[in-house]
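Visitor: Pasting structure.txt below, which is compact mmCIF, C-alpha atoms.
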# COMPACT_ATOMS: atom_id res chain seq x y z
CA MET A 27 0.00 0.00 0.00
CA LYS A 28 1.32 3.42 -0.96
CA LYS A 29 2.41 5.55 1.97
CA GLY A 30 0.69 8.93 2.21
CA VAL A 31 1.83 12.30 3.53
CA ILE A 32 2.43 12.91 7.24
CA VAL A 33 1.14 16.32 8.32
CA VAL A 34 2.89 17.90 11.29
CA GLY A 35 0.25 19.96 13.08
CA ALA A 36 -3.38 19.30 13.88
CA GLY A 37 -5.01 22.71 14.30
CA GLY A 38 -7.00 25.02 12.07
CA HIS A 39 -4.10 25.71 9.72
CA ALA A 40 -3.57 21.97 9.33
CA LYS A 41 -7.22 21.51 8.34
CA VAL A 42 -6.84 23.89 5.41
CA CYS A 43 -3.52 22.37 4.35
CA ILE A 44 -4.93 18.83 4.47
CA GLU A 45 -7.79 19.84 2.19
CA SER A 46 -5.31 21.46 -0.20
CA LEU A 47 -3.24 18.27 -0.25
CA ARG A 48 -6.36 16.24 -0.98
CA GLY A 49 -7.22 18.67 -3.76
CA MET A 50 -3.83 17.83 -5.29
CA GLY A 51 -4.71 14.14 -5.17
CA GLU A 52 -2.50 13.40 -2.18
CA GLN A 53 -3.37 10.92 0.56
CA VAL A 54 -2.81 12.14 4.14
CA ASP A 55 -2.34 9.19 6.50
CA PHE A 56 -1.59 10.82 9.87
CA CYS A 57 -1.24 14.14 11.62
CA VAL A 58 1.38 14.57 14.33
CA GLY A 59 0.10 16.97 16.98
CA ASP A 60 0.94 17.99 20.52
CA ALA A 61 -0.51 16.70 23.78
CA GLN A 62 -3.55 19.00 23.52
CA SER A 63 -4.48 18.03 19.96
CA GLN A 64 -7.81 16.34 19.26
CA SER A 65 -7.79 12.74 18.09
CA VAL A 66 -8.94 13.52 14.52
CA CYS A 67 -8.28 16.44 12.16
CA VAL A 68 -10.71 16.64 9.19
CA GLY A 69 -10.89 12.86 9.13
CA VAL A 70 -7.17 12.22 9.63
CA PRO A 71 -6.07 10.37 12.79
CA VAL A 72 -3.83 12.43 15.07
CA LEU A 73 -0.78 11.06 16.88
CA ASN A 74 0.25 13.10 19.91
CA GLY A 75 3.96 13.90 20.18
CA ASP A 76 6.86 14.62 17.83
CA GLU A 77 8.42 11.24 18.70
CA HIS A 78 5.95 9.65 16.28
CA LEU A 79 7.84 11.21 13.35
CA ALA A 80 10.80 8.87 13.83
CA ARG A 81 8.54 5.81 14.21
CA LEU A 82 6.57 6.61 11.07
CA ASN A 83 9.77 7.16 9.12
CA ALA A 84 11.00 3.73 10.27
CA GLU A 85 7.72 2.31 8.94
CA GLY A 86 8.48 3.71 5.49
CA TYR A 87 6.89 7.15 5.51
CA ARG A 88 9.07 9.60 3.62
CA ARG A 89 6.94 12.65 2.77
CA ALA A 90 5.78 15.30 5.23
CA PHE A 91 4.14 18.68 5.34
CA ILE A 92 4.61 21.11 8.24
CA ALA A 93 1.19 22.65 8.90
CA ILE A 94 2.11 25.09 11.66
CA GLY A 95 1.21 28.78 11.49
CA SER A 96 4.07 30.04 13.69
CA ASN A 97 6.98 30.87 11.40
CA ARG A 98 9.73 30.00 13.89
CA LEU A 99 8.11 26.75 15.01
CA ARG A 100 7.38 25.73 11.41
CA ALA A 101 11.04 26.22 10.50
CA ARG A 102 12.23 24.27 13.56
CA LEU A 103 9.91 21.33 12.94
CA ALA A 104 10.88 21.29 9.26
CA ASP A 105 14.53 20.91 10.26
CA LEU A 106 13.55 18.06 12.60
CA ALA A 107 11.56 16.26 9.89
CA ILE A 108 14.33 16.63 7.29
CA ALA A 109 16.94 15.38 9.78
CA GLN A 110 14.80 12.27 10.30
CA GLY A 111 14.72 11.53 6.59
CA TYR A 112 11.56 13.20 5.34
CA GLU A 113 11.19 15.24 2.18
CA LEU A 114 8.81 18.18 2.38
CA VAL A 115 5.92 18.45 -0.06
CA ASN A 116 3.89 21.52 -1.04
CA ALA A 117 0.21 22.01 -0.23
CA ILE A 118 -1.23 24.11 -3.06
CA SER A 119 -4.95 24.60 -3.40
CA PRO A 120 -6.33 23.80 -6.85
CA HIS A 121 -8.19 27.09 -6.48
CA ALA A 122 -4.99 29.16 -6.38
CA VAL A 123 -3.64 30.86 -9.52
CA ILE A 124 0.13 30.52 -9.95
CA SER A 125 2.04 31.71 -13.00
CA PRO A 126 4.09 28.98 -14.72
CA SER A 127 7.17 31.19 -14.35
CA VAL A 128 6.93 31.27 -10.52
CA LYS A 129 9.72 29.47 -8.65
CA LEU A 130 8.58 27.49 -5.61
CA GLY A 131 10.61 25.95 -2.82
CA THR A 132 9.41 23.03 -0.71
CA GLY A 133 7.01 22.80 2.21
CA ILE A 134 5.00 25.76 0.88
CA ALA A 135 1.30 26.36 1.52
CA VAL A 136 -0.70 28.30 -1.08
CA MET A 137 -4.36 28.65 -0.13
CA ALA A 138 -7.54 29.00 -2.18
CA GLY A 139 -7.96 32.29 -4.02
CA ALA A 140 -4.30 33.22 -3.79
CA VAL A 141 -2.67 34.69 -6.90
CA ILE A 142 1.09 34.57 -7.54
CA ASN A 143 2.18 36.35 -10.69
CA ALA A 144 5.05 36.14 -13.16
CA GLU A 145 8.58 35.30 -12.01
CA ALA A 146 7.84 35.62 -8.31
CA LEU A 147 10.01 33.52 -6.00
CA ILE A 148 8.42 31.75 -3.03
CA ASP A 149 11.05 30.23 -0.76
CA SER A 150 10.61 27.03 1.22
CA LEU A 151 8.11 26.87 4.11
CA ALA A 152 6.39 30.11 3.12
CA ILE A 153 2.61 30.52 3.45
CA ILE A 154 0.60 32.45 0.88
CA ASN A 155 -2.75 32.49 2.60
CA THR A 156 -6.35 32.69 1.41
CA GLY A 157 -6.99 35.35 -1.21
CA ALA A 158 -3.53 36.92 -0.97
CA CYS A 159 -2.02 38.51 -4.10
CA VAL A 160 1.73 38.36 -4.72
CA ASP A 161 2.52 40.25 -7.89
CA HIS A 162 5.30 39.89 -10.45
CA ASP A 163 8.94 39.55 -9.39
CA CYS A 164 8.21 39.46 -5.67
CA LYS A 165 10.51 37.46 -3.40
CA ILE A 166 8.97 35.81 -0.33
CA GLY A 167 11.59 34.53 2.09
CA LYS A 168 11.91 31.20 3.86
CA ALA A 169 9.17 30.50 6.42
CA ALA A 170 7.50 33.88 5.83
CA HIS A 171 3.71 34.19 6.04
CA VAL A 172 1.56 36.42 3.81
CA ALA A 173 -1.81 36.40 5.58
CA PRO A 174 -5.30 36.30 4.00
CA GLN A 175 -6.24 39.13 1.64
CA CYS A 176 -2.81 40.76 1.62
CA GLY A 177 -1.80 42.59 -1.53
CA LEU A 178 1.85 42.86 -2.59
CA ALA A 179 2.61 44.96 -5.65
CA GLY A 180 5.45 44.12 -8.02
CA ASN A 181 9.08 43.69 -6.97
CA VAL A 182 8.39 43.47 -3.23
CA SER A 183 10.87 41.53 -1.11
CA VAL A 184 9.85 39.90 2.18
CA GLY A 185 12.56 38.44 4.42
CA SER A 186 12.64 35.10 6.17
CA LYS A 187 10.17 34.41 9.00
CA SER A 188 8.37 37.74 8.48
CA PHE A 189 4.61 37.97 8.93
CA LEU A 190 2.29 40.26 6.97
CA GLY A 191 -0.99 40.57 8.87
CA ILE A 192 -4.40 40.07 7.32
CA GLY A 193 -5.36 42.66 4.73
CA SER A 194 -2.02 44.48 4.69
CA ARG A 195 -0.80 46.20 1.51
CA VAL A 196 2.70 46.84 0.16
CA ILE A 197 3.49 49.27 -2.66
CA PRO A 198 5.99 48.38 -5.44
CA GLU A 199 9.74 48.00 -4.93
CA ILE A 200 9.57 47.75 -1.12
CA SER A 201 12.03 45.64 0.86
CA ILE A 202 10.80 44.11 4.13
CA GLY A 203 13.49 42.54 6.29
CA SER A 204 13.59 39.29 8.22
CA ASP A 205 11.57 38.63 11.39
CA VAL A 206 9.29 41.60 10.69
CA MET A 207 5.70 41.82 11.91
CA VAL A 208 3.32 43.95 9.80
CA GLY A 209 0.06 44.64 11.60
CA ALA A 210 -3.32 43.78 10.10
CA GLY A 211 -4.59 46.33 7.62
CA SER A 212 -1.31 48.23 7.46
CA VAL A 213 -0.04 49.92 4.29
CA VAL A 214 3.72 49.66 3.79
CA ILE A 215 5.20 52.49 1.71
CA THR A 216 8.82 52.51 2.94
CA ASP A 217 11.45 49.81 3.44
CA ILE A 218 11.45 48.00 6.79
CA GLU A 219 14.58 46.80 8.54
CA ASP A 220 14.95 43.41 10.25
CA ASP A 221 13.21 42.66 13.57
CA GLN A 222 10.68 45.51 13.33
CA THR A 223 6.98 45.60 14.17
CA VAL A 224 5.08 48.13 12.07
CA VAL A 225 1.42 49.13 12.12
CA GLY A 226 -0.90 51.69 10.60
CA VAL A 227 -1.60 53.62 7.41
CA PRO A 228 1.10 54.32 6.46
CA ALA A 229 2.91 51.63 8.47
CA ARG A 230 5.28 52.97 11.15
CA PRO A 231 7.39 51.21 13.78
CA LEU A 232 5.47 50.34 16.91
CA ILE A 233 6.66 52.27 19.95
CA ARG A 234 7.25 49.85 22.79
Reformat the file's structure so that it appears as structure tokens.
Guide:
Amino acid sequence: MKKGVIVVGAGGHAKVCIESLRGMGEQVDFCVGDAQSQSVCVGVPVLNGDEHLARLNAEGYRRAFIAIGSNRLRARLADLAIAQGYELVNAISPHAVISPSVKLGTGIAVMAGAVINAEALIDSLAIINTGACVDHDCKIGKAAHVAPQCGLAGNVSVGSKSFLGIGSRVIPEISIGSDVMVGAGSVVITDIEDDQTVVGVPARPLIR
């Protein structure tokens, strides 16, 4: 019997990713959750504890998807899965629109209604969430997350593990650094350095 995909995560984000994988024709055999996870996630049995990854790999499972919303945790668990011998697959909704010239890494989630235009680059473990628009020549860094209904104009760069909150907008040619948090509904019109939190219209650094 063909071995299916192991999904790491068993929460709401995992539900959407599992349905995307199914839409691609993939079989999802198990989720690996934490101690608080429910026993089933959209029909998939849940195993509680990361130690199950090694056991499943020993049983012949080789493909995994990391369905965790937290950028840092997703990157850490991806490293764990790869070290144990898994290859990461993508979960791309059949209802997303992706240009044939887009370059995709591995372990990427692209949700329904998302649009990714010509010659954009989406690095591994990135999330392009529901209804987000990533225009031409954008570069989305490793384990970054573009939340639902975000709009990125052309030639925008987003650094690794950065998060663009729901409904945020970015004008053309903007560079957003790594580990940046852009608040929901913000409009980014200037470059943002690493490790910044910005909010508002226009987006400005949050005073702590």
Visitor: For Asp76 in chain A, which of A:Val42, A:Val33, A:Ala117, A:Leu147 is the closest residue, counting all atoms listed in the file?
Guide: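 Using all atoms listed in the file, Asp76 in chain A sits closest to A:Val33.
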Visitor: Which residues of range 154-225 of chain A have any atom within 7 Å of an atom in range 83-106 of chain A when counting only C-alpha atoms, and what is the closest pair of atoms for each, with the distance in Å to one decimal? Order the rows by chain and rising number and write it as a Markdown table.
Guide:
| residue | atom | partner | partner_atom | distance |
| --- | --- | --- | --- | --- |
| A:Ala169 | CA | A:Asn97 | CA | 5.5 |
| A:Ala170 | CA | A:Asn97 | CA | 6.4 |
| A:Lys187 | CA | A:Asn97 | CA | 5.3 |
Visitor: In Å, with one decimal, what is the gap from CA of Val214 in chain A to CA of Ala229 in chain A?
Guide: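 Separation of CA of Val214 in chain A and CA of Ala229 in chain A: 5.1 Å.
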Visitor: Do a neighbour search on Val128 in chain A at 9 Å with all atoms listed in the file, toss out local chain neighbours closer than 2 positions, and write the hits as a compact mmCIF listing (two decimals) with C-alpha atoms, in the coordinates of the input.
Guide:
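Okay, this is what ended up in selection.txt:
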# COMPACT_ATOMS: atom_id res chain seq x y z
CA ILE A 124 0.13 30.52 -9.95
CA SER A 125 2.04 31.71 -13.00
CA PRO A 126 4.09 28.98 -14.72
CA LEU A 130 8.58 27.49 -5.61
CA ILE A 142 1.09 34.57 -7.54
CA ASN A 143 2.18 36.35 -10.69
CA ALA A 144 5.05 36.14 -13.16
CA GLU A 145 8.58 35.30 -12.01
CA ALA A 146 7.84 35.62 -8.31
CA LEU A 147 10.01 33.52 -6.00
CA ILE A 148 8.42 31.75 -3.03
CA HIS A 162 5.30 39.89 -10.45
CA ASP A 163 8.94 39.55 -9.39
Visitor: CA of Asp217 in chain A and CA of Gly185 in chain A are how many Å apart?
Guide: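 These atoms are spaced 11.5 Å apart.
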Visitor: Check the smallest atom-to-atom distance from each of A:Met207, A:Val54, A:Ala173, A:Ile215 to Val70 in chain A using all atoms listed in the file, then report the winner.
Guide: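 For Val70 in chain A, the nearest of the candidates is A:Val54.
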Visitor: Between CA of Thr132 in chain A and CA of Val172 in chain A, what is the distance in Å, rounded to a tenth?
Guide: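 Taking CA of Thr132 in chain A and CA of Val172 in chain A, their separation equals 16.2 Å.
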Visitor: Place a sphere of radius 10 Å on (-2.6, 36.6, -3.3) in the file coordinates and name every protein, DNA or RNA residue with an atom inside or on its surface, counting all atoms listed in the file; give the answer as a PyMOL selection string.
Guide: chain A and resi 122-124+136-143+154-161+172-178
Visitor: Excluding Gly203 in chain A and its own-chain neighbours fewer than 6 positions away, which residues fall within 10 Å of it when counting only C-alpha atoms? Please give them as a ChimeraX atom specification.
Guide: /A:167,183-188,217-222
Visitor: Report as number ranges by chain all protein, DNA and RNA residues lying within 12 Å of Glu77 in chain A, evaluated on only C-alpha atoms, omitting residues in the same chain fewer than 3 positions from it.
Guide: A: 34, 58-61, 73-74, 80-84, 103, 106-107, 110
Visitor: If I put a ball of radius 12 Å at (-7.2, 22.9, 10.4) in the file's coordinates, which residues poke into it when counting all atoms listed in the file, written as a list in words?
Guide: Val33, Val34, Gly35, Ala36, Gly37, Gly38, His39, Ala40, Lys41, Val42, Cys43, Ile44, Glu45, Ser46, Cys57, Gly59, Ser63, Gln64, Val66, Cys67, Val68, Gly69, Val70, Val72, Ala93, Ile94 and Gly95 of chain A
Visitor: Find the residue from A:Asn116, A:Ser194, A:Ser212, A:Ser201 that sits nearest to Ser150 in chain A; use all atoms listed in the file when measuring.
Guide: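 Checking each candidate against Ser150 in chain A, we get A:Asn116 as the closest.
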Visitor: Calculated over all atoms listed in the file, which of the candidates A:Ala152, A:Ile108, A:Ile166, A:Val225 has the smallest distance to Arg195 in chain A?
Guide: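 Among the listed residues, A:Val225 lies closest to Arg195 in chain A.
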Visitor: Could you check which of A:Pro120, A:Pro198, A:Pro71, A:Gly191 is closest to Gly51 in chain A, using only C-alpha atoms?
Guide: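 Of A:Pro120, A:Pro198, A:Pro71, A:Gly191, the one nearest Gly51 in chain A is A:Pro120, counting only C-alpha atoms.
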Visitor: Could you give me the axis-aligned bounding box of range 143-149 of chain A, with 3 Å of padding per side, as centre plus edge lengths in Å to one decimal, as AutoDock Vina command-line options?
Guide:
--center_x 6.6 --center_y 33.3 --center_z -7.0 --size_x 14.9 --size_y 12.1 --size_z 18.4
